[in-house]
Every structure is written in C-alpha cells, then in structure tokens.
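Reading through the structure tokens given below for one structure.
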Amino acid sequence: MHLLEVENLTKRFGGLAAVNNVSFHVDEGEIVGLIGPNGAGKTTLFNLITGFLKPDSGTVKFRGEDITGLAPNKIVNKGVVRTFQVVRPFRHLPTIANVLVALASPRGSKKIEWLRTPEAKALLILEKVGLTEMMMEPAEILSHGDLKRLEIARALATEPELMLLDEPFGGMSPIETDFLTKSIRTMHLDGHTMFIVEHKLYALMKLAQRIVVLHYGEKIAEGKPEEVAKNKKVREVYMGGAM
Amino acid sequence: MSTRLVNTLIEQIIIFGTIYSGMLALLAIGFTLIYGVTGVVNMAHGALFMLGAYIFWVLTASFGPSGVPLVQLDLGPALILAVILTGIVGAFIYRLVIHSIIEDLAAVLVATVGVLIIIQELMIIEFGSYRWPVVPLWEGFVTVWGVKVTYSQLLAFAVSLCLFVGLWVFIAFTKIGKAMRAVSQDREMAMEVGINTERLYMLTMGISSAFAAIAGVLITASTTGFAYPHMWDRPLYWSFAIVILGGLGSIKGTLTGAFIIGFAENAFIFILVELGWGGVEFLRGVVALVAMVIVLLLRPKGLFGKRIEMEE
Amino acid sequence: MSTYLRRAYSSFATHILDIPPRLLALLFLLLLLAFPLTKPRSTYLIILTAANMGAIFAASWDLLVGRCGQMNLGHALFFGTGAYITALLNFHLGWPIGVTIPLAVLTTVAIAVLVGFPSLRVKGPYLALVTMALPLIATGIVFYFKDWTGGERPLSGLDHFFSFLPYEQWFIAQYYFTLLLLVVSGIIIYKIANSHKIGVIFVSILDDELSSRASGINTTKYKLMAFALSALFASLAGAISAHLAHLRSTDIGMLSLTTTFLAVIMTIFGGVGTIYGPIAGAFILQFLQRYVLVEVVEVETHWQMIIFLGLIVVLIIKWPRGIAKFTTDKLEDLAEERPIEERGKHIWKRERKKKSSHEG
C-alpha cells in the first residue's frame, strides 16, 4: 500500500484546470520531488492534498484512508503536514511559541514523551533546525532564512509521517541551502517521508529518489532524477531553464 | 378587529413590499458601493442617513428647538442642500478618519462606529432627544388596488428607482465608473494604470453619503415622519442585512437583497397584524437582522458574497 | 496608546523607577485596597466599584478580540443578558441573588456557545456585523416581552448585595467584593491568555488562522472557547452590576452599542491584547469620566462621550495595531544561557526564581 496515493485529481478555476487529472503515489520512506515551471499547479496540488482546497474530482488516500477534502487540521492530525512557500509565521509570538502551537495540536501533544514538557520538546526541535539562538525573539524580526527553518520546525512538531515542503529552499543563501539539505536528510533518516516542491533543481536532484513533473496542471513525466533530466518533453518545457 | 379581506393583505404586501424594496435598495447601495470600491465597512452609514434627515428638517422646519423658525427653505432646494452637505461630511470622514487606517479592517470598524456614536451624541446635544418632524414631500395619497399609498411613498419609490438606475449607468458607462470597477477588482493594478485611488475613494465616499442622505430624507418623510437621535439603527441594520444577503460589494446582490428584505419584512409584519398582533412595527429592523443572521449561518459569505463584484 | 505608551510606561517603570510592571500592578492593587481607609464619600466608592466591573468587562472583550482576533462589536449582549436573566429570576421568582447570578452566567455562556458556533464560521466584516446584530436582536426580545422586562423602562427594585449590613457599610462592602472579583477574574483571564497552550493558540488564530490550522489546530474549537470565556466574565460583570446597591436594576442600555463601546474605549486606552491594559483603561476611563470631566471641568454626559470617542478615533489613527508582543516569564526563563540538557532538566524541575523581568 502506498503511503500517499493521488488519483485523477482535478481542480478548475473558472474555465482553467489548475490541476488536471493528476495521479501519482509516494511510498513510505521516499523523498519525492515535484517540479514544473511557474503556474504548473504545484502549490494547488499541495493545497488539494492537504485540505486547503477541495478538488472537483479525484481522490487522495493516506495509508489507504480516503482523506479527500477533509479539513486541513484533521489531515495534519493524521500525519500529513505541509509548509508554505510564502512563510506564514505567527508574528506576535516568539519563535519558540510558534513551535508550541504545533505541539498543542492533538497529534503534537500526544507525542510529547513522558518526562518532557512542551517547552523542552520545542527547544529540541529548534535545535534540529538551528534556531535556538532566536528562540525568544518575536517571529516577525526573523530573517527570511530563519523563517523558512521555522516553517520546518513547526511541521516537525506535528510528528508527521509525510511532510510536504513547498519550496523550502526559496530565497536561501548557499550556506543555508547546504544546512537545510543536511536537515532534510536527517529528517528523512528519522523516518519522515518527504514530498518536496522546489525550483532549485540542483538541490532537489541531490535529495530526491523520484521526481514528478507538472506542466499546465498535468503530469508530463515521472521517474528517477537522471531519467527525468534526459526526458525530451521535460527539456522542452524547461528550455533554457536550470536543468 | 380587522375586517380586511385576504386579497387586500396580499396586495398590501406586494405594493408596500415593492415600495420599501426600492427605498431600501437606495439606502443599501451606498453601503455596498463604499465596500466594493474601497473595502471599507462604513458603520457610520446609518449616521449619514440620519444627518440627511436632520439637515432637511433644519432647513425646512417652521420651528426649531427654541421655537423660532430657522431657515425655512422650499422642499426641493432643502433636499438638494441636505444631500450635498451630507456628501461633503462623508468625504471629510473619509479624509480625516478612514484614509490612514484603510488597510486595517478592525481599526476601520471601530473608528467608524466611533464616528457613528459621535454624530449621534452631537444630534442629542444640538437638538435634544426629541422627535423632529420631517415633512412628507408631497401631501396626499392615492388608492392602488384597494391599498392606500401616499404620494410621498410613491415619490420616494420613483426617485429611488431613478437614482439606482442612474448609478448603475454611471458605473457602467462613465470613466469614473469604470475606474471604480477597476479599483474594486484589483487595487494595485488600478494604481499602476494611473488611477488616483485617493481622490476616487473620497468621491465614492461622497456619493455613498449623498445616497444615504437621500434615503434619509425620502424614507423618513414617507414612513416614520420624524427625526430622532437613534434613528440610525434601523437603516444600518437594513443595510447590513441587505448587503450580507446580497454579498458585500455586489450591486446586483444589493438589489436582490433589498427586495428579499423589503418583501419579507412587510409580509411578516402585515401577516402579524392580520392575525391580530398589534404594535409590531418596531420589529421592522429586527426581522431584517434575524434574516441576516440566518443567511450567514448557512452561507458564511452571503448569497452572492464575493468582495469584488461590481460589474453587471 | 497601546504598544508605544505601554513600552514607555514599562520602560519608565523599570529604568527610572527600577520597578518591574508586576510590582507596579501590585502597588496599584494595594492602593485600591487601602483607598476606603481615607473615608471617602460613597460616590467615590461607587465610581471605583463601577470601575471594577468595567475592568472585568473590558478584559473579557480583550481576551476575545485582542488576543484571539475575533472582532466582537456586540459585547453588550453578554453583559445585558447576564443582567436581565438575574434580574428576571430575582424580581419575578424571588430567588436569592446567590442563585440567580450563577444561573445568569451559566445561561449566558450556554447562549454564547449556541450563538457562537454558527457565528464564528463567518469572518472579518461579516463577523463584525453579526456580532453587532446580536444585542440588537436581544433588545428586540426585551421590548417584545416588555410586560416581563419592563421594555424601555428599567427593571428596578432588585435585591442587592450586603443588604443584611447597615446602610453605611453597603458601599464599602460591595467595593471590596467587586475588587476581589476583579482580582480573581483578572488573574484567571491573564493566565489563560498567557498559557502556553490556550493562550498561544489564541494568538496563532489572531495572527494567521490558516497557518494555525496548518499546524493541526481546530481553530473553530478555540474560537468558541474564547467566545465562551469572554461571555462568562462579561455576563458576570453584568449580573453583578444589576445587583449593586446603587443600581438595583437592569435596563435596556445594558444591551446598547454604547455599552459595548465602553469596553472598546477602555481596551484601547489601556492597550489592546494585554489584558491588564483594559483593566487599567477601565480605571483611567472612570477617573477621566467621573472625576476630571465632572468635578474638575464639568462637562456634560454627551460631550463626555464625544471626547472619549474622539480620543479613541485619534488613537486608532495614530496607532492602529497597538498589540503587544506576547511573551511570558516562563518562556523568558528558558532564555537563560545554559547548555541544552541542563535547560531541559531545569524546566522539568521548575526551580527557577524570577528576576525582575521586563516584558517587551
């Protein structure tokens, strides 16, 4: 059984199909990448999977259970979490409190082991993404790179099985990109399955075991990174792009 | 008590429903216009309604608070003056209060309610808590289908209809109207195209206030007949209800909402009276509110609710 | 006022006077406790009693609006409903206020949950309009049943507190009683607002409800909780107010927009979102309203209202989003420089002593 199974997912806005009959799957323990030019429907696909949008047709199954169109918070509590491309921190809360929110969710609080307080666990999570120094600062003064890491910290706090990361490397310096790549590998080893949308293809190439390619809402290719790189259709679509 | 035939009840509902709906549409269109174009929920809308009625009374009264006649203009000029003055007040409110906080919905809500109450208190201070007569614009009545309708009500209905159509034409065909539509759809884009949103907003606020004032005079003259400091409440509730039913910012929706509320309210009241329950006139605003709450529970964004829907 | 004045005040207190805000609050409380020793006229006691109730009313509004971000322009609904229910039970059925007040509060909270559940599905301007409509509907109900409620006329002749004491002691007794209620309520509301589960979730909803849901939070549940808590304390204020010795009545004004706006004014004066801000704001307002504007300058009621509203309109324009940044001592302890393991253990053991904290 696949961890995540997406079948014939379609979403139209007005007359335009943002996501058109897309099907694919993600197996437990994989890192799968999702690429495609701007406007290809990647974020829409994320929204459909995680309950932020209801599809016009098609299904989303997690561990065999149909989660199509469930409320976003319910989906998180089943073990599927997503980060946002444009970060959405809680500006009035200090960094650590941002993580406490996720730890206060039903799933997050269930998994706080005996002998630990939420605050201690939050600290550990901040450690994993390298944000301990900023922990008392209000989130609104954090740099862009820090905020991206905070997104991931919050996602981790929900103890997910499947993490959907929407352009996690966006706007990061090479050093930050390096650090994040290592963090993602660590999370992967910790047992989290990842589904990552990214523009910075070189970063994704190193991480992903499989890549799905979207174009105008349709899946045009799927396979190992090297195969996808050689795919004629994909090269056309990305002509002159960062392949 | 009542010896009216059921026929007359239905006719009453139809006739008064229509007349009311026309007037309510005029009242609510100002509220929805300002929201559609600027995104502002103007709680002071009811106060501008009240201001129109009060100014009209001051200008036409044959006796004032101290017993002495004030200005005593003719009805026509008085109406026009009341409308213009209120429009100016509205523009002022925009420039002074709303302009700097327009991005923050909560701030706008609180500030405009503040203005609303300030105007109410000013009316109390200036004119006391009494009820001042707002004269009917046209004496006399006519009988339509066995129902007594005053000329004042007919006039109000006719004027409302004309103005509503006029506004629709204005928005559809004039340059300014097109600018309004552009801004209501995409503010940044409109600014890039060179539309001066500040001046447009002030103008919209002025028009919205003017409409509120006209409604203030017409509705008051043909229904209750007097001005008092708390008279902003019903118009405001009606505006809420209509605009929520129809969706904030939608002209089509406002018209629909006005008709739904106009008919529902009149049907409700007349039926109650028919059943022998007296003294239910005060329920007028309340019915609208209950209807609004019910609709919102079922459709959290109103019946046509989108923020931006100005085109017909 | 809001953040800037609060920061200035807090700065002043900690840097110049070298007194932490906590201590200042304690000093103020001591002042309030000691006040009756100066043998003041009962008018002043009445003013402060009203301030005590106003403070609870305002704090409850701030919890819902300033902390959880749900605009509520109909707060008077809770106040008035609490007042009317206890009044009706006491007046018509003759039940003692020790019974009617808790019943009134419970009923109002139940109504709040009933009404809140559908209402909180709507957002932004729609929520504002719905909340504004609710007390108006309640007013309509009061008018409709005017044989029972008195309609426009106040329902007076209710029982009042401490009637078993001689007349001279009524006002002082109820002053301390309401002060006690304020302290207890204030502490409860403050602790909830700053708790690391509920309080933090409230702020997350205020900041970005979508993001909060993306973290697994059932925001509807928490919004409802905020609504119910807000109703609890507001109705308590209303029910108690109905039975104060100098009032002993309930009237339609308790459901009015002006009443709601008193909470708004107090909160804005004191600082939105802080909880102690509205409490301070209540006293500031009473001071300005009953003392300065009446005794000193002699301004009549309607001008008073205009002045206060004018002030808050100006405040709003100058500092629209004067919301505090939310931290608590507990978290600040965490920020001490120590190795991670130690920190973890330390929190678990909770040994920390507090330094004089300066909250940002």
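Just so we're on the same page: first chain in the structure tokens is A, next is B, and so on; residues restart at 1 for each chain, and ligands are numbered from 1 in the order they show up.
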- Quick one: pick out all alpha helix (DSSP H) residues within stretch 93-249 of chain C from a backbone DSSP run and write them as a VMD selection string. chain C and resid 97 to 119 124 to 144 146 to 149 167 to 193 198 to 214 219 to 242
Just C-alpha atoms for this one: save the residues we selected as a short mmCIF file (atom, residue, chain, number, x, y, z; two decimals), in the first residue's frame.
```
data_model
loop_
_atom_site.label_atom_id
_atom_site.label_comp_id
_atom_site.auth_asym_id
_atom_site.auth_seq_id
_atom_site.Cartn_x
_atom_site.Cartn_y
_atom_site.Cartn_z
CA ILE C 97 -29.03 36.57 44.14
CA GLY C 98 -26.65 33.87 45.26
CA VAL C 99 -28.64 31.60 42.96
CA THR C 100 -29.71 33.94 40.19
CA ILE C 101 -26.27 35.30 39.45
CA PRO C 102 -24.57 31.96 38.79
CA LEU C 103 -27.61 30.86 36.81
CA ALA C 104 -27.46 34.01 34.74
CA VAL C 105 -23.80 33.47 33.99
CA LEU C 106 -24.27 29.83 33.06
CA THR C 107 -27.23 30.60 30.84
CA THR C 108 -25.39 33.38 29.07
CA VAL C 109 -22.41 31.14 28.42
CA ALA C 110 -24.75 28.50 27.04
CA ILE C 111 -26.34 31.08 24.78
CA ALA C 112 -22.90 32.27 23.74
CA VAL C 113 -21.86 28.80 22.69
CA LEU C 114 -25.11 28.26 20.84
CA VAL C 115 -24.87 31.55 19.07
CA GLY C 116 -21.13 31.47 18.68
CA PHE C 117 -20.91 28.18 16.90
CA PRO C 118 -22.59 29.36 13.71
CA SER C 119 -21.40 32.94 14.06
CA GLY C 124 -13.87 39.61 9.05
CA PRO C 125 -16.50 42.21 8.31
CA TYR C 126 -19.27 39.65 8.35
CA LEU C 127 -18.40 38.60 11.87
CA ALA C 128 -18.37 42.21 12.96
CA LEU C 129 -21.83 42.74 11.54
CA VAL C 130 -23.24 39.57 13.03
CA THR C 131 -21.87 40.33 16.48
CA MET C 132 -23.21 43.84 16.21
CA ALA C 133 -26.61 42.45 15.34
CA LEU C 134 -26.92 40.08 18.26
CA PRO C 135 -27.54 42.57 21.07
CA LEU C 136 -29.96 44.36 18.80
CA ILE C 137 -31.95 41.18 18.42
CA ALA C 138 -31.79 40.74 22.18
CA THR C 139 -33.09 44.27 22.59
CA GLY C 140 -35.95 43.40 20.32
CA ILE C 141 -36.74 40.43 22.52
CA VAL C 142 -36.66 42.61 25.62
CA PHE C 143 -39.07 45.04 24.01
CA TYR C 144 -41.32 42.27 22.88
CA LYS C 146 -41.99 44.23 27.93
CA ASP C 147 -44.56 43.04 30.43
CA TRP C 148 -41.85 40.95 31.98
CA THR C 149 -38.80 43.01 31.30
CA TYR C 167 -26.68 51.21 55.09
CA GLU C 168 -23.37 52.91 55.81
CA GLN C 169 -21.45 49.73 55.10
CA TRP C 170 -23.09 48.71 51.84
CA PHE C 171 -20.82 50.61 49.56
CA ILE C 172 -17.60 49.69 51.20
CA ALA C 173 -18.55 46.04 51.36
CA GLN C 174 -19.54 45.82 47.74
CA TYR C 175 -16.42 47.74 46.78
CA TYR C 176 -14.19 45.09 48.32
CA PHE C 177 -16.36 42.35 46.96
CA THR C 178 -16.12 43.64 43.40
CA LEU C 179 -12.43 44.29 43.85
CA LEU C 180 -11.96 40.69 44.89
CA LEU C 181 -13.91 39.57 41.83
CA LEU C 182 -11.74 41.76 39.66
CA VAL C 183 -8.51 40.39 41.04
CA VAL C 184 -9.64 36.80 40.69
CA SER C 185 -11.13 37.29 37.24
CA GLY C 186 -8.20 39.36 36.08
CA ILE C 187 -5.73 36.72 37.15
CA ILE C 188 -7.71 33.94 35.53
CA ILE C 189 -8.11 35.78 32.25
CA TYR C 190 -4.45 36.80 32.28
CA LYS C 191 -3.28 33.27 32.97
CA ILE C 192 -5.43 31.85 30.22
CA ALA C 193 -4.26 34.47 27.77
CA ILE C 198 -4.61 28.00 25.03
CA GLY C 199 -3.09 31.47 25.07
CA VAL C 200 -0.55 30.64 22.42
CA ILE C 201 -3.23 29.09 20.25
CA PHE C 202 -5.39 32.19 20.62
CA VAL C 203 -2.59 34.37 19.33
CA SER C 204 -1.90 31.97 16.49
CA ILE C 205 -5.51 32.39 15.42
CA LEU C 206 -5.15 36.13 15.70
CA ASP C 207 -2.02 36.16 13.58
CA ASP C 208 -2.85 33.64 10.91
CA GLU C 209 -5.78 31.34 11.33
CA LEU C 210 -4.95 29.40 8.20
CA SER C 211 -1.43 28.76 9.39
CA SER C 212 -2.77 27.66 12.73
CA ARG C 213 -4.93 25.07 11.06
CA ALA C 214 -1.93 24.01 9.04
CA THR C 219 -9.42 26.77 15.27
CA THR C 220 -13.19 26.65 15.46
CA LYS C 221 -12.99 24.92 18.81
CA TYR C 222 -10.65 27.52 20.21
CA LYS C 223 -12.57 30.45 18.81
CA LEU C 224 -15.64 29.08 20.50
CA MET C 225 -13.66 28.70 23.70
CA ALA C 226 -12.58 32.33 23.53
CA PHE C 227 -16.17 33.34 22.87
CA ALA C 228 -17.45 31.34 25.83
CA LEU C 229 -14.77 32.59 28.22
CA SER C 230 -15.40 36.13 27.11
CA ALA C 231 -19.12 35.63 27.69
CA LEU C 232 -18.50 34.14 31.11
CA PHE C 233 -16.72 37.14 32.51
CA ALA C 234 -18.77 39.73 30.70
CA SER C 235 -22.01 38.22 31.94
CA LEU C 236 -20.57 38.03 35.42
CA ALA C 237 -19.89 41.74 35.26
CA GLY C 238 -23.42 42.35 34.04
CA ALA C 239 -25.13 40.14 36.58
CA ILE C 240 -23.20 41.63 39.46
CA SER C 241 -23.82 45.16 38.23
CA ALA C 242 -27.56 44.57 38.28
#
```
- Message: Run DSSP on the backbone and tell me which residues of stretch 155-279 of chain C come out as strand (DSSP E or B); list them as an MDAnalysis selection string.
- Response: chainID C and resid 155:156 249:250
Generate a file of the selected residues that holds N, CA and C atoms, formatted as a JSON list (two decimals), in the first residue's frame.
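Resulting contents of out.json:
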```json
[["chain", "number", "residue", "atom", "x", "y", "z"],
["C", 155, "LEU", "N", -35.86, 47.69, 34.92],
["C", 155, "LEU", "CA", -36.49, 46.75, 35.82],
["C", 155, "LEU", "C", -35.82, 46.96, 37.17],
["C", 156, "SER", "N", -36.46, 47.68, 38.04],
["C", 156, "SER", "CA", -35.77, 48.01, 39.29],
["C", 156, "SER", "C", -36.39, 47.34, 40.49],
["C", 249, "SER", "N", -30.96, 47.56, 39.48],
["C", 249, "SER", "CA", -31.88, 47.50, 38.34],
["C", 249, "SER", "C", -31.16, 47.06, 37.09],
["C", 250, "THR", "N", -31.96, 46.77, 36.10],
["C", 250, "THR", "CA", -31.44, 46.41, 34.79],
["C", 250, "THR", "C", -32.19, 47.24, 33.76]]
```
- Task: Please identify every residue of chain A that has at least one atom no more than 8 Å from any atom of chain C, counting only C-alpha atoms, and report them as a ChimeraX atom specification.
- Result: /A:72-77,81-82,88-94,97-98,100-102,104-107,115-117,119-120,135-136,138,154-155,158
Got a sec: who's within 8 Å of B:Glu139, counting only C-alpha atoms, leaving out chain neighbours fewer than 6 positions off, as a tab-separated table (two decimals) with N, CA and C atoms, in the first residue's frame?
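The result, written out as around_27.tsv:
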```tsv
chain	number	residue	atom	x	y	z
B	150	THR	N	-49.38	56.80	-0.02
B	150	THR	CA	-49.22	58.25	-0.07
B	150	THR	C	-48.36	58.65	-1.26
B	151	TYR	N	-48.57	59.86	-1.71
B	151	TYR	CA	-47.74	60.37	-2.81
B	151	TYR	C	-46.28	60.39	-2.41
B	152	SER	N	-46.09	60.67	-1.16
B	152	SER	CA	-44.72	60.70	-0.65
B	152	SER	C	-44.03	59.37	-0.86
```
- Kindly determine which residues of chain B lie within 8 Å of chain C, considering only C-alpha atoms, and give the answer as a VMD selection string. chain B and resid 41 97 100 to 101 104 to 107 109 to 111 114 to 115 117 to 118 121 to 122 124 to 125 237 240 244 283 286 289 to 290 292 to 293 296 to 297 300 to 301
